[in-house]
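**Q** File target.csv follows (CSV, C-alpha atoms):
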```csv
chain,number,residue,atom,x,y,z
A,1,MET,CA,4.4,15.6,31.7
A,2,ALA,CA,6.4,16.4,28.5
A,3,ALA,CA,6.3,20.1,27.5
A,4,SER,CA,5.0,19.3,24.1
A,5,VAL,CA,4.3,16.5,21.7
A,6,ARG,CA,5.1,16.6,18.0
A,7,VAL,CA,2.6,14.8,15.6
A,8,LEU,CA,3.0,14.3,11.8
A,9,GLY,CA,-0.3,13.8,10.0
A,10,VAL,CA,-0.8,12.3,6.6
A,11,ASP,CA,-3.7,12.7,4.3
A,12,PRO,CA,-2.8,9.9,2.0
A,13,GLY,CA,-3.2,10.1,-1.8
A,14,LEU,CA,-1.4,9.4,-5.0
A,15,THR,CA,-2.1,12.6,-6.9
A,16,ARG,CA,-1.9,14.8,-3.8
A,17,CYS,CA,-0.6,13.7,-0.4
A,18,GLY,CA,-0.9,16.1,2.5
A,19,VAL,CA,1.8,16.1,5.2
A,20,GLY,CA,1.4,18.3,8.3
A,21,VAL,CA,3.5,18.6,11.4
A,22,VAL,CA,2.3,20.3,14.6
A,23,ASP,CA,3.7,20.7,18.1
A,24,ILE,CA,1.0,20.4,20.8
A,25,ALA,CA,1.6,22.0,24.3
A,26,HIS,CA,-1.2,22.0,26.8
A,27,ARG,CA,-3.7,21.3,24.0
A,28,THR,CA,-2.4,24.3,22.0
A,29,PRO,CA,-1.2,23.3,18.6
A,30,SER,CA,1.5,25.2,16.7
A,31,LEU,CA,2.4,24.8,13.0
A,32,VAL,CA,5.8,23.2,12.4
A,33,HIS,CA,5.6,22.2,8.7
A,34,VAL,CA,3.0,21.6,6.0
A,35,GLU,CA,3.4,20.4,2.4
A,36,VAL,CA,1.5,18.7,-0.3
A,37,LEU,CA,3.4,16.0,-2.2
A,38,ARG,CA,2.3,15.4,-5.7
A,39,SER,CA,2.8,12.9,-8.4
A,40,ASP,CA,1.8,13.0,-12.1
A,41,ALA,CA,-1.0,10.7,-13.2
A,42,GLY,CA,1.0,10.1,-16.4
A,43,GLU,CA,3.9,8.5,-14.5
A,44,PRO,CA,4.1,4.7,-13.9
A,45,ILE,CA,2.4,3.8,-10.6
A,46,GLU,CA,5.7,2.5,-9.1
A,47,GLN,CA,7.4,5.8,-9.8
A,48,ARG,CA,4.5,7.7,-8.3
A,49,LEU,CA,4.6,5.6,-5.1
A,50,LEU,CA,8.3,6.0,-4.8
A,51,ARG,CA,8.1,9.8,-5.2
A,52,ILE,CA,5.4,10.1,-2.5
A,53,ALA,CA,7.1,7.6,-0.2
A,54,ARG,CA,10.4,9.5,-0.3
A,55,GLY,CA,8.6,12.8,0.4
A,56,VAL,CA,6.8,11.4,3.4
A,57,GLU,CA,9.9,9.7,4.7
A,58,ALA,CA,12.0,12.9,4.2
A,59,ALA,CA,9.4,14.8,6.3
A,60,ILE,CA,9.5,12.2,9.0
A,61,ASP,CA,13.2,12.2,9.2
A,62,ALA,CA,13.5,16.0,9.1
A,63,HIS,CA,10.9,16.6,11.8
A,64,ARG,CA,11.2,13.5,14.0
A,65,PRO,CA,7.7,13.3,15.2
A,66,ASP,CA,6.7,11.6,18.5
A,67,ALA,CA,3.7,10.1,16.7
A,68,ILE,CA,2.3,9.7,13.2
A,69,ALA,CA,-1.4,9.8,12.3
A,70,LEU,CA,-2.9,8.6,9.1
A,71,GLU,CA,-6.4,8.9,7.7
A,72,ARG,CA,-8.0,5.5,7.6
A,73,VAL,CA,-9.1,4.3,4.2
A,74,PHE,CA,-12.7,3.5,3.5
A,75,ALA,CA,-14.5,2.2,0.5
A,76,GLN,CA,-15.3,5.0,-1.9
A,77,ALA,CA,-17.1,5.4,-5.2
A,78,ASN,CA,-13.8,5.3,-7.1
A,79,LEU,CA,-12.0,2.0,-6.6
A,80,ARG,CA,-8.9,3.2,-8.4
A,81,SER,CA,-8.5,6.1,-6.0
A,82,VAL,CA,-9.0,3.8,-3.0
A,83,MET,CA,-6.2,1.6,-4.3
A,84,GLY,CA,-3.8,4.4,-4.6
A,85,VAL,CA,-4.7,5.6,-1.1
A,86,ALA,CA,-4.3,2.1,0.4
A,87,GLN,CA,-0.9,1.7,-1.4
A,88,ILE,CA,0.3,5.0,0.1
A,89,SER,CA,-1.1,4.1,3.5
A,90,GLY,CA,0.9,0.8,3.4
A,91,ILE,CA,4.1,2.7,2.7
A,92,VAL,CA,3.5,5.2,5.5
A,93,LEU,CA,2.6,2.5,8.0
A,94,ARG,CA,5.7,0.6,7.1
A,95,ALA,CA,7.9,3.7,7.4
A,96,ALA,CA,6.5,4.4,10.9
A,97,ALA,CA,7.1,0.8,12.0
A,98,GLU,CA,10.6,0.8,10.6
A,99,ARG,CA,11.4,4.0,12.6
A,100,GLN,CA,9.6,2.7,15.8
A,101,ILE,CA,7.3,5.7,15.8
A,102,PRO,CA,3.8,5.0,17.0
A,103,ILE,CA,1.2,5.4,14.2
A,104,ALA,CA,-2.5,5.8,14.6
A,105,LEU,CA,-5.3,5.5,12.0
A,106,LEU,CA,-8.1,8.0,12.4
A,107,THR,CA,-11.4,8.0,10.5
A,108,PRO,CA,-12.4,11.2,8.7
A,109,THR,CA,-15.3,11.5,11.1
A,110,GLU,CA,-13.1,11.3,14.2
A,111,VAL,CA,-10.8,14.0,12.7
A,112,LYS,CA,-13.6,16.4,11.8
A,113,ALA,CA,-15.4,15.9,15.2
A,114,SER,CA,-12.2,16.5,17.0
A,115,VAL,CA,-11.2,19.8,15.4
A,116,THR,CA,-14.6,21.3,14.6
A,117,GLY,CA,-16.9,19.6,17.1
A,118,TYR,CA,-18.9,18.3,14.2
A,119,GLY,CA,-18.2,14.9,12.5
A,120,ALA,CA,-19.9,15.9,9.2
A,121,ALA,CA,-18.0,19.2,8.9
A,122,ASP,CA,-17.1,20.1,5.3
A,123,LYS,CA,-13.7,20.9,3.9
A,124,ARG,CA,-14.1,24.7,4.4
A,125,GLN,CA,-15.1,24.3,8.0
A,126,VAL,CA,-12.1,22.0,8.7
A,127,GLY,CA,-9.8,24.5,6.9
A,128,GLU,CA,-11.2,27.4,8.9
A,129,MET,CA,-10.8,25.6,12.2
A,130,VAL,CA,-7.2,24.6,11.4
A,131,ARG,CA,-6.5,28.2,10.5
A,132,ARG,CA,-7.9,29.4,13.9
A,133,LEU,CA,-6.3,26.7,15.9
A,134,LEU,CA,-2.8,27.4,14.4
A,135,ARG,CA,-3.3,31.1,14.4
A,136,LEU,CA,-2.7,31.5,10.7
A,137,GLU,CA,-3.8,34.3,8.4
A,138,ALA,CA,-5.4,32.0,5.9
A,139,ALA,CA,-6.5,28.4,5.8
A,140,PRO,CA,-3.8,26.1,4.4
A,141,LYS,CA,-4.4,25.3,0.8
A,142,PRO,CA,-5.1,22.9,-0.9
A,143,ALA,CA,-7.6,21.0,1.3
A,144,ASP,CA,-5.1,18.1,1.6
A,145,ALA,CA,-2.7,20.4,3.5
A,146,ALA,CA,-5.4,21.5,6.0
A,147,ASP,CA,-6.6,17.9,6.3
A,148,ALA,CA,-3.1,16.6,7.2
A,149,LEU,CA,-2.8,19.3,9.9
A,150,ALA,CA,-6.3,18.4,11.2
A,151,ILE,CA,-5.3,14.8,11.4
A,152,ALA,CA,-2.1,15.7,13.3
A,153,ILE,CA,-4.0,18.0,15.7
A,154,ALA,CA,-6.8,15.4,16.4
A,155,GLU,CA,-4.2,12.7,17.1
A,156,GLY,CA,-2.2,15.0,19.4
A,157,TRP,CA,-5.3,15.8,21.4
A,158,ARG,CA,-6.5,12.2,21.4
A,159,ALA,CA,-3.2,10.8,22.6
A,160,ARG,CA,-2.4,13.5,25.1
A,161,VAL,CA,-5.7,14.0,26.9
A,162,PRO,CA,-7.2,10.6,27.5
A,163,GLY,CA,-9.5,11.8,30.3
A,164,GLY,CA,-10.0,15.3,28.8
A,165,GLY,CA,-8.2,16.7,31.8
A,166,ALA,CA,-6.2,19.6,30.2
A,167,ALA,CA,-8.9,20.3,27.7
A,168,ALA,CA,-10.9,22.5,30.0
A,169,VAL,CA,-8.1,25.1,30.3
A,170,THR,CA,-7.4,26.1,26.7
A,171,ALA,CA,-10.0,24.4,24.6
A,172,THR,CA,-12.5,26.2,22.4
A,173,PRO,CA,-16.2,25.6,23.0
A,174,ALA,CA,-16.2,23.1,20.1
A,175,GLN,CA,-13.3,21.2,21.6
A,176,ARG,CA,-14.8,21.3,25.1
A,177,ALA,CA,-18.1,19.9,23.7
A,178,TRP,CA,-16.2,17.1,21.9
A,179,ALA,CA,-14.0,16.3,25.0
A,180,ALA,CA,-17.1,16.1,27.1
A,181,ALA,CA,-18.9,13.9,24.6
A,182,GLU,CA,-15.8,11.7,24.4
A,183,ALA,CA,-15.5,11.5,28.1
A,184,ALA,CA,-19.2,10.6,28.5
A,185,ALA,CA,-18.9,7.9,25.8
A,186,LYS,CA,-15.8,6.5,27.6
A,187,SER,CA,-17.3,6.4,31.0
A,188,GLY,CA,-20.5,5.0,29.5
A,189,ARG,CA,-18.4,2.2,27.9
A,190,LEU,CA,-16.7,1.5,31.3
A,191,ARG,CA,-20.0,1.4,33.1
A,192,ARG,CA,-21.5,-1.2,30.7
B,1,MET,CA,19.4,-12.8,-26.9
B,2,ALA,CA,20.3,-13.3,-23.2
B,3,ALA,CA,20.6,-16.9,-22.2
B,4,SER,CA,17.9,-16.6,-19.6
B,5,VAL,CA,15.8,-14.1,-17.7
B,6,ARG,CA,15.0,-14.2,-14.0
B,7,VAL,CA,11.6,-13.1,-12.8
B,8,LEU,CA,10.4,-12.7,-9.2
B,9,GLY,CA,6.6,-13.1,-8.8
B,10,VAL,CA,4.6,-11.9,-5.8
B,11,ASP,CA,1.1,-13.1,-4.8
B,12,PRO,CA,0.5,-10.2,-2.4
B,13,GLY,CA,-1.2,-10.7,0.9
B,14,LEU,CA,-1.0,-9.7,4.6
B,15,THR,CA,-1.6,-13.1,6.1
B,16,ARG,CA,0.2,-15.1,3.5
B,17,CYS,CA,2.4,-13.5,0.7
B,18,GLY,CA,3.8,-15.8,-1.9
B,19,VAL,CA,7.2,-15.1,-3.4
B,20,GLY,CA,8.5,-17.2,-6.3
B,21,VAL,CA,11.6,-16.8,-8.4
B,22,VAL,CA,12.2,-18.6,-11.8
B,23,ASP,CA,14.8,-18.5,-14.5
B,24,ILE,CA,13.4,-18.8,-18.0
B,25,ALA,CA,15.6,-19.9,-20.9
B,26,HIS,CA,14.0,-20.5,-24.3
B,27,ARG,CA,10.6,-20.5,-22.6
B,28,THR,CA,11.6,-23.3,-20.2
B,29,PRO,CA,11.2,-22.1,-16.6
B,30,SER,CA,13.3,-23.5,-13.7
B,31,LEU,CA,12.7,-23.1,-10.0
B,32,VAL,CA,15.1,-20.8,-8.2
B,33,HIS,CA,13.3,-20.0,-5.0
B,34,VAL,CA,9.9,-20.1,-3.5
B,35,GLU,CA,8.6,-19.1,0.0
B,36,VAL,CA,5.4,-17.9,1.7
B,37,LEU,CA,5.9,-15.0,4.0
B,38,ARG,CA,3.4,-14.8,6.9
B,39,SER,CA,2.2,-12.3,9.4
B,40,ASP,CA,0.0,-12.8,12.4
B,41,ALA,CA,-3.5,-11.3,12.3
B,42,GLY,CA,-3.0,-10.4,16.0
B,43,GLU,CA,-0.1,-8.1,15.3
B,44,PRO,CA,-0.6,-4.3,14.6
B,45,ILE,CA,-1.0,-3.7,10.9
B,46,GLU,CA,2.2,-1.6,10.7
B,47,GLN,CA,4.3,-4.5,12.1
B,48,ARG,CA,2.6,-7.0,9.7
B,49,LEU,CA,3.4,-4.7,6.7
B,50,LEU,CA,7.0,-4.3,7.9
B,51,ARG,CA,7.5,-8.0,8.3
B,52,ILE,CA,6.2,-8.8,4.8
B,53,ALA,CA,8.0,-5.9,3.2
B,54,ARG,CA,11.3,-7.0,4.7
B,55,GLY,CA,10.7,-10.5,3.5
B,56,VAL,CA,10.0,-9.5,-0.1
B,57,GLU,CA,12.9,-7.1,-0.2
B,58,ALA,CA,15.3,-9.7,1.2
B,59,ALA,CA,14.2,-12.1,-1.6
B,60,ILE,CA,14.6,-9.4,-4.2
B,61,ASP,CA,18.1,-8.6,-2.9
B,62,ALA,CA,19.1,-12.2,-2.6
B,63,HIS,CA,18.0,-13.3,-6.1
B,64,ARG,CA,18.4,-10.0,-8.1
B,65,PRO,CA,15.6,-10.6,-10.6
B,66,ASP,CA,15.6,-9.0,-14.0
B,67,ALA,CA,11.9,-8.3,-13.6
B,68,ILE,CA,9.3,-8.4,-10.9
B,69,ALA,CA,5.6,-9.3,-11.4
B,70,LEU,CA,2.8,-8.7,-9.1
B,71,GLU,CA,-0.8,-9.8,-9.1
B,72,ARG,CA,-3.1,-6.9,-9.8
B,73,VAL,CA,-5.6,-6.1,-7.1
B,74,PHE,CA,-9.3,-6.1,-7.8
B,75,ALA,CA,-12.4,-5.4,-5.8
B,76,GLN,CA,-13.3,-8.5,-3.8
B,77,ALA,CA,-16.1,-9.4,-1.5
B,78,ASN,CA,-13.9,-8.6,1.5
B,79,LEU,CA,-12.8,-5.0,1.6
B,80,ARG,CA,-10.5,-5.5,4.6
B,81,SER,CA,-8.5,-8.1,2.7
B,82,VAL,CA,-8.4,-5.9,-0.5
B,83,MET,CA,-6.9,-3.1,1.7
B,84,GLY,CA,-4.1,-5.4,3.0
B,85,VAL,CA,-3.4,-6.7,-0.5
B,86,ALA,CA,-3.3,-3.1,-1.8
B,87,GLN,CA,-1.0,-2.0,1.0
B,88,ILE,CA,1.5,-4.9,0.3
B,89,SER,CA,1.3,-4.1,-3.4
B,90,GLY,CA,2.2,-0.5,-2.8
B,91,ILE,CA,5.3,-1.6,-0.8
B,92,VAL,CA,6.4,-4.1,-3.5
B,93,LEU,CA,5.9,-1.5,-6.3
B,94,ARG,CA,8.0,1.0,-4.4
B,95,ALA,CA,10.7,-1.6,-3.7
B,96,ALA,CA,11.0,-2.4,-7.4
B,97,ALA,CA,11.1,1.3,-8.4
B,98,GLU,CA,13.7,2.0,-5.7
B,99,ARG,CA,15.9,-0.8,-7.2
B,100,GLN,CA,15.2,0.2,-10.8
B,101,ILE,CA,13.8,-3.2,-11.6
B,102,PRO,CA,11.0,-3.3,-14.1
B,103,ILE,CA,7.7,-4.4,-12.4
B,104,ALA,CA,4.6,-5.6,-14.2
B,105,LEU,CA,1.0,-6.0,-12.9
B,106,LEU,CA,-0.8,-9.1,-14.2
B,107,THR,CA,-4.4,-9.9,-13.7
B,108,PRO,CA,-5.3,-13.3,-12.2
B,109,THR,CA,-7.0,-14.2,-15.6
B,110,GLU,CA,-3.8,-13.4,-17.5
B,111,VAL,CA,-1.7,-15.5,-15.2
B,112,LYS,CA,-4.1,-18.5,-15.4
B,113,ALA,CA,-4.5,-18.3,-19.1
B,114,SER,CA,-0.8,-18.1,-19.6
B,115,VAL,CA,0.2,-21.1,-17.5
B,116,THR,CA,-2.8,-23.4,-18.1
B,117,GLY,CA,-4.3,-22.1,-21.4
B,118,TYR,CA,-7.5,-21.4,-19.5
B,119,GLY,CA,-8.3,-18.0,-17.8
B,120,ALA,CA,-10.8,-19.5,-15.4
B,121,ALA,CA,-8.5,-22.3,-14.2
B,122,ASP,CA,-8.9,-23.2,-10.5
B,123,LYS,CA,-6.1,-23.3,-7.9
B,124,ARG,CA,-5.5,-27.0,-8.3
B,125,GLN,CA,-5.1,-26.7,-12.1
B,126,VAL,CA,-2.6,-23.8,-11.6
B,127,GLY,CA,-0.7,-25.8,-9.0
B,128,GLU,CA,-0.5,-28.8,-11.2
B,129,MET,CA,0.7,-26.8,-14.3
B,130,VAL,CA,3.3,-25.1,-12.2
B,131,ARG,CA,4.5,-28.5,-11.0
B,132,ARG,CA,4.8,-29.8,-14.5
B,133,LEU,CA,6.4,-26.7,-16.0
B,134,LEU,CA,9.1,-26.6,-13.2
B,135,ARG,CA,9.5,-30.4,-13.3
B,136,LEU,CA,8.7,-30.8,-9.5
B,137,GLU,CA,7.5,-33.9,-7.8
B,138,ALA,CA,4.5,-32.1,-6.2
B,139,ALA,CA,2.7,-28.9,-6.6
B,140,PRO,CA,4.2,-26.1,-4.4
B,141,LYS,CA,2.0,-25.6,-1.3
B,142,PRO,CA,0.2,-23.6,-0.1
B,143,ALA,CA,-1.5,-22.2,-3.1
B,144,ASP,CA,0.1,-18.8,-2.6
B,145,ALA,CA,3.5,-20.4,-3.4
B,146,ALA,CA,2.2,-21.9,-6.6
B,147,ASP,CA,0.5,-18.6,-7.5
B,148,ALA,CA,3.7,-16.6,-7.1
B,149,LEU,CA,5.5,-19.0,-9.4
B,150,ALA,CA,2.7,-18.9,-11.9
B,151,ILE,CA,2.9,-15.1,-11.9
B,152,ALA,CA,6.7,-15.2,-12.4
B,153,ILE,CA,6.4,-17.7,-15.3
B,154,ALA,CA,3.6,-15.8,-17.0
B,155,GLU,CA,5.6,-12.6,-16.9
B,156,GLY,CA,8.7,-14.3,-18.1
B,157,TRP,CA,6.9,-15.6,-21.1
B,158,ARG,CA,5.0,-12.4,-21.7
B,159,ALA,CA,8.1,-10.2,-21.6
B,160,ARG,CA,10.4,-12.6,-23.6
B,161,VAL,CA,8.2,-13.6,-26.4
B,162,PRO,CA,6.3,-10.6,-27.7
B,163,GLY,CA,5.7,-12.1,-31.1
B,164,GLY,CA,5.3,-15.7,-29.8
B,165,GLY,CA,8.5,-16.6,-31.7
B,166,ALA,CA,10.3,-19.0,-29.4
B,167,ALA,CA,7.0,-20.4,-28.1
B,168,ALA,CA,6.6,-22.9,-30.9
B,169,VAL,CA,9.8,-24.8,-30.0
B,170,THR,CA,9.3,-25.8,-26.4
B,171,ALA,CA,5.7,-24.8,-25.5
B,172,THR,CA,3.1,-27.3,-24.3
B,173,PRO,CA,-0.1,-27.4,-26.4
B,174,ALA,CA,-1.9,-25.1,-23.8
B,175,GLN,CA,1.0,-22.6,-24.1
B,176,ARG,CA,1.0,-22.7,-27.9
B,177,ALA,CA,-2.7,-22.1,-28.0
B,178,TRP,CA,-2.3,-19.1,-25.6
B,179,ALA,CA,0.6,-17.7,-27.6
B,180,ALA,CA,-1.4,-18.0,-30.8
B,181,ALA,CA,-4.4,-16.3,-29.3
B,182,GLU,CA,-2.2,-13.6,-27.9
B,183,ALA,CA,-0.4,-13.1,-31.2
B,184,ALA,CA,-3.8,-13.0,-33.0
B,185,ALA,CA,-5.1,-10.5,-30.5
B,186,LYS,CA,-2.0,-8.3,-31.0
B,187,SER,CA,-2.0,-8.4,-34.8
B,188,GLY,CA,-5.8,-7.6,-34.6
B,189,ARG,CA,-5.0,-4.6,-32.4
B,190,LEU,CA,-2.3,-3.4,-34.8
B,191,ARG,CA,-4.5,-3.8,-37.8
B,192,ARG,CA,-7.3,-1.7,-36.3
```
Now, as a test, write the supplied structure out as structure tokens.
**A**
Amino acid sequence: MAASVRVLGVDPGLTRCGVGVVDIAHRTPSLVHVEVLRSDAGEPIEQRLLRIARGVEAAIDAHRPDAIALERVFAQANLRSVMGVAQISGIVLRAAAERQIPIALLTPTEVKASVTGYGAADKRQVGEMVRRLLRLEAAPKPADAADALAIAIAEGWRARVPGGGAAAVTATPAQRAWAAAEAAAKSGRLRR
Amino acid sequence: MAASVRVLGVDPGLTRCGVGVVDIAHRTPSLVHVEVLRSDAGEPIEQRLLRIARGVEAAIDAHRPDAIALERVFAQANLRSVMGVAQISGIVLRAAAERQIPIALLTPTEVKASVTGYGAADKRQVGEMVRRLLRLEAAPKPADAADALAIAIAEGWRARVPGGGAAAVTATPAQRAWAAAEAAAKSGRLRR
């Protein structure tokens, strides 16, 4: 078993795009890097996309993650904002494929359930859990930074612990509850 | 005035992505290149995006257009297909910005009105008009190919003839009607 796995998480967005990198060893995540890329709504869309794309690619090339995880886009009230998110997602997916780095798409619910044990957790709860898991003094700000780290942690756990094996050793109660629920769901699926 | 302008049009899509290149001299467009890039729905999304991205970028680098034009994405019935289109659009917008080539977003209605004189024209009418304008024996197939060429022609006309000046010389009746309507709309806007 490799000593640790490095995951880069992206909370995609055109105005603010969170990028977080964590190393995960025996289910314990450690902060490697976090930043929020920004572009100005007054700039032409192609310049905004180029700016964010270059920032994400620079982070990938600087930190060389074993895996990339991206929040999956869903329909939202604001179609314009969905379009920007989808455009950034396309660029990140392509960047991963080009570098032959595996990329996973996680739903917001999967991410929240994984890090807090509760799929409908709010931003504050996610931020607080990310703070605790990474042993930080304060929750990363803005929320996009915490979200990117949460996505990276969720993917690191998901990819590393398919049967929930290592979870029992170092997991918090919330994580144990989630791992158990996940394992139950999986074995249920297999039985059917 | 430059002798001619070269425009590359993209009808973005994940399953089929039309790419068409035309040279426009004194409002007369000539076919330079047309192709339809494809990706297999069975492939992972990141591989599909990479395949289409590389195809579009290869066409840009081979034909070195003065401008790129892209069909603007709108909400459609099928959210999954909108997402794929938005992801491709993001990649094309970024590719243009990276190469410092101006890129324009045109609505389907603008494109149809420009090439056929009728904003609600159907695919067959657009194909037939593209065939006539480019003096081809048959309309380019599939429709994505004709659409990409229509987008390129519309942008070439839009960018070159801001006041409708050259239009009167070589335009078809439909094009003259459109140029007149456009000029009227513009002068109306200026007067207000």
**Q** With a cut-off of 12 Å, could you pull out the residues of chain A touching chain B and give me the nearest pair of atoms for each, distance in Å to one decimal, using only C-alpha atoms, ordered by chain and ascending number, as CSV?
**A**
```
residue,atom,partner,partner_atom,distance
A:Gly13,CA,B:Gly90,CA,11.9
A:Leu14,CA,B:Gly90,CA,10.8
A:Glu43,CA,B:Ala97,CA,11.9
A:Pro44,CA,B:Ala97,CA,9.5
A:Ile45,CA,B:Leu93,CA,7.7
A:Glu46,CA,B:Leu93,CA,4.9
A:Gln47,CA,B:Ala97,CA,6.0
A:Arg48,CA,B:Arg94,CA,8.5
A:Leu49,CA,B:Arg94,CA,5.8
A:Leu50,CA,B:Arg94,CA,5.0
A:Arg51,CA,B:Arg94,CA,8.8
A:Ile52,CA,B:Arg94,CA,9.7
A:Ala53,CA,B:Arg94,CA,7.9
A:Arg54,CA,B:Arg94,CA,9.7
A:Ile68,CA,B:Glu46,CA,11.6
A:Leu70,CA,B:Glu46,CA,11.5
A:Arg72,CA,B:Met83,CA,10.5
A:Val73,CA,B:Met83,CA,8.1
A:Phe74,CA,B:Leu79,CA,8.7
A:Ala75,CA,B:Leu79,CA,7.5
A:Gln76,CA,B:Leu79,CA,10.9
A:Ala77,CA,B:Ala75,CA,11.8
A:Asn78,CA,B:Ala75,CA,10.9
A:Leu79,CA,B:Ala75,CA,7.5
A:Arg80,CA,B:Phe74,CA,9.3
A:Ser81,CA,B:Ala86,CA,11.4
A:Val82,CA,B:Met83,CA,8.6
A:Met83,CA,B:Ala86,CA,6.1
A:Gly84,CA,B:Gly90,CA,8.0
A:Val85,CA,B:Gln87,CA,8.7
A:Ala86,CA,B:Gln87,CA,5.3
A:Gln87,CA,B:Gly90,CA,4.1
A:Ile88,CA,B:Gly90,CA,6.5
A:Ser89,CA,B:Gln87,CA,6.6
A:Gly90,CA,B:Gln87,CA,4.1
A:Ile91,CA,B:Ile91,CA,5.7
A:Val92,CA,B:Glu46,CA,8.7
A:Leu93,CA,B:Glu46,CA,4.9
A:Arg94,CA,B:Leu50,CA,5.1
A:Ala95,CA,B:Leu50,CA,8.1
A:Ala96,CA,B:Glu46,CA,7.4
A:Ala97,CA,B:Glu46,CA,5.6
A:Glu98,CA,B:Leu50,CA,6.8
A:Arg99,CA,B:Leu50,CA,10.5
A:Gln100,CA,B:Gln47,CA,9.7
A:Ile101,CA,B:Glu46,CA,10.3
A:Pro102,CA,B:Glu46,CA,9.3
A:Ile103,CA,B:Glu46,CA,7.9
A:Ala104,CA,B:Glu46,CA,9.6
A:Leu105,CA,B:Ile45,CA,10.2
```
**Q** How many Å lie between atom CA of B:Gly119 and atom CA of B:Arg6, rounded to one decimal?
**A** 23.9 Å
**Q** Which residues are close to A:Glu155, i.e. within 8 Å by only C-alpha atoms, leaving aside same-chain residues fewer than 6 positions away? Reply as an mmCIF file with C-alpha atoms, in the coordinates of the input.
**A**
```
data_model
loop_
_atom_site.group_PDB
_atom_site.id
_atom_site.type_symbol
_atom_site.label_atom_id
_atom_site.label_comp_id
_atom_site.auth_asym_id
_atom_site.auth_seq_id
_atom_site.Cartn_x
_atom_site.Cartn_y
_atom_site.Cartn_z
ATOM 1 C CA VAL A 7 2.600 14.800 15.600
ATOM 2 C CA ALA A 69 -1.400 9.800 12.300
ATOM 3 C CA ALA A 104 -2.500 5.800 14.600
ATOM 4 C CA LEU A 106 -8.100 8.000 12.400
#
```
**Q** For the atom pair atom CA of B:Ile24 and atom CA of B:Tyr118, what is the interatomic distance in Å to one decimal place?
**A**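 For atom CA of B:Ile24 relative to atom CA of B:Tyr118, the distance reads 21.1 Å.
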**Q** From the options A:Leu8, A:Leu31, A:Ala121, A:Ala138, which residue's atoms come nearest to A:Ala58, counting all atoms listed in the file?
**A**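 Closest candidate: A:Leu8.
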**Q** Could you tell me which of A:His33, A:Arg132, A:Arg158, A:Arg27 comes closest to A:Ile60 if we count all atoms listed in the file?
**A**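 Result for the nearest residue to A:Ile60: A:His33.
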**Q** Need the shell around B:Ser30: protein/DNA/RNA residues with any atom at most 6 Å away, counting only C-alpha atoms. Skip same-chain ones fewer than 4 positions apart. Format as a list of chain:residue names?
**A**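 Residues near the query, excluding close chain neighbours: B:Val22, B:Asp23, B:Leu134.
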**Q** Check the smallest atom-to-atom distance from each of A:Glu137, A:Asp147, A:Asp61, A:Glu128 to A:Val111 using all atoms listed in the file, then report the winner.
**A** A:Asp147
**Q** Quick one: of A:Thr109, A:Pro29, A:Ala59, A:Arg124, who's nearest to A:Ala152, counting only C-alpha atoms?
**A**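 Ranked by minimum distance to A:Ala152, first place goes to A:Pro29.
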**Q** Provide the atom CA of A:Ala146 to atom CA of A:Gly127 distance in Å, to one decimal place.
**A** 5.4 Å
**Q** Between A:Ala150, A:Leu136, A:Ala25, A:Val19, single out the one closest to A:Lys112, counting only C-alpha atoms.
**A**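 Of all the options, A:Ala150 lies closest to A:Lys112.
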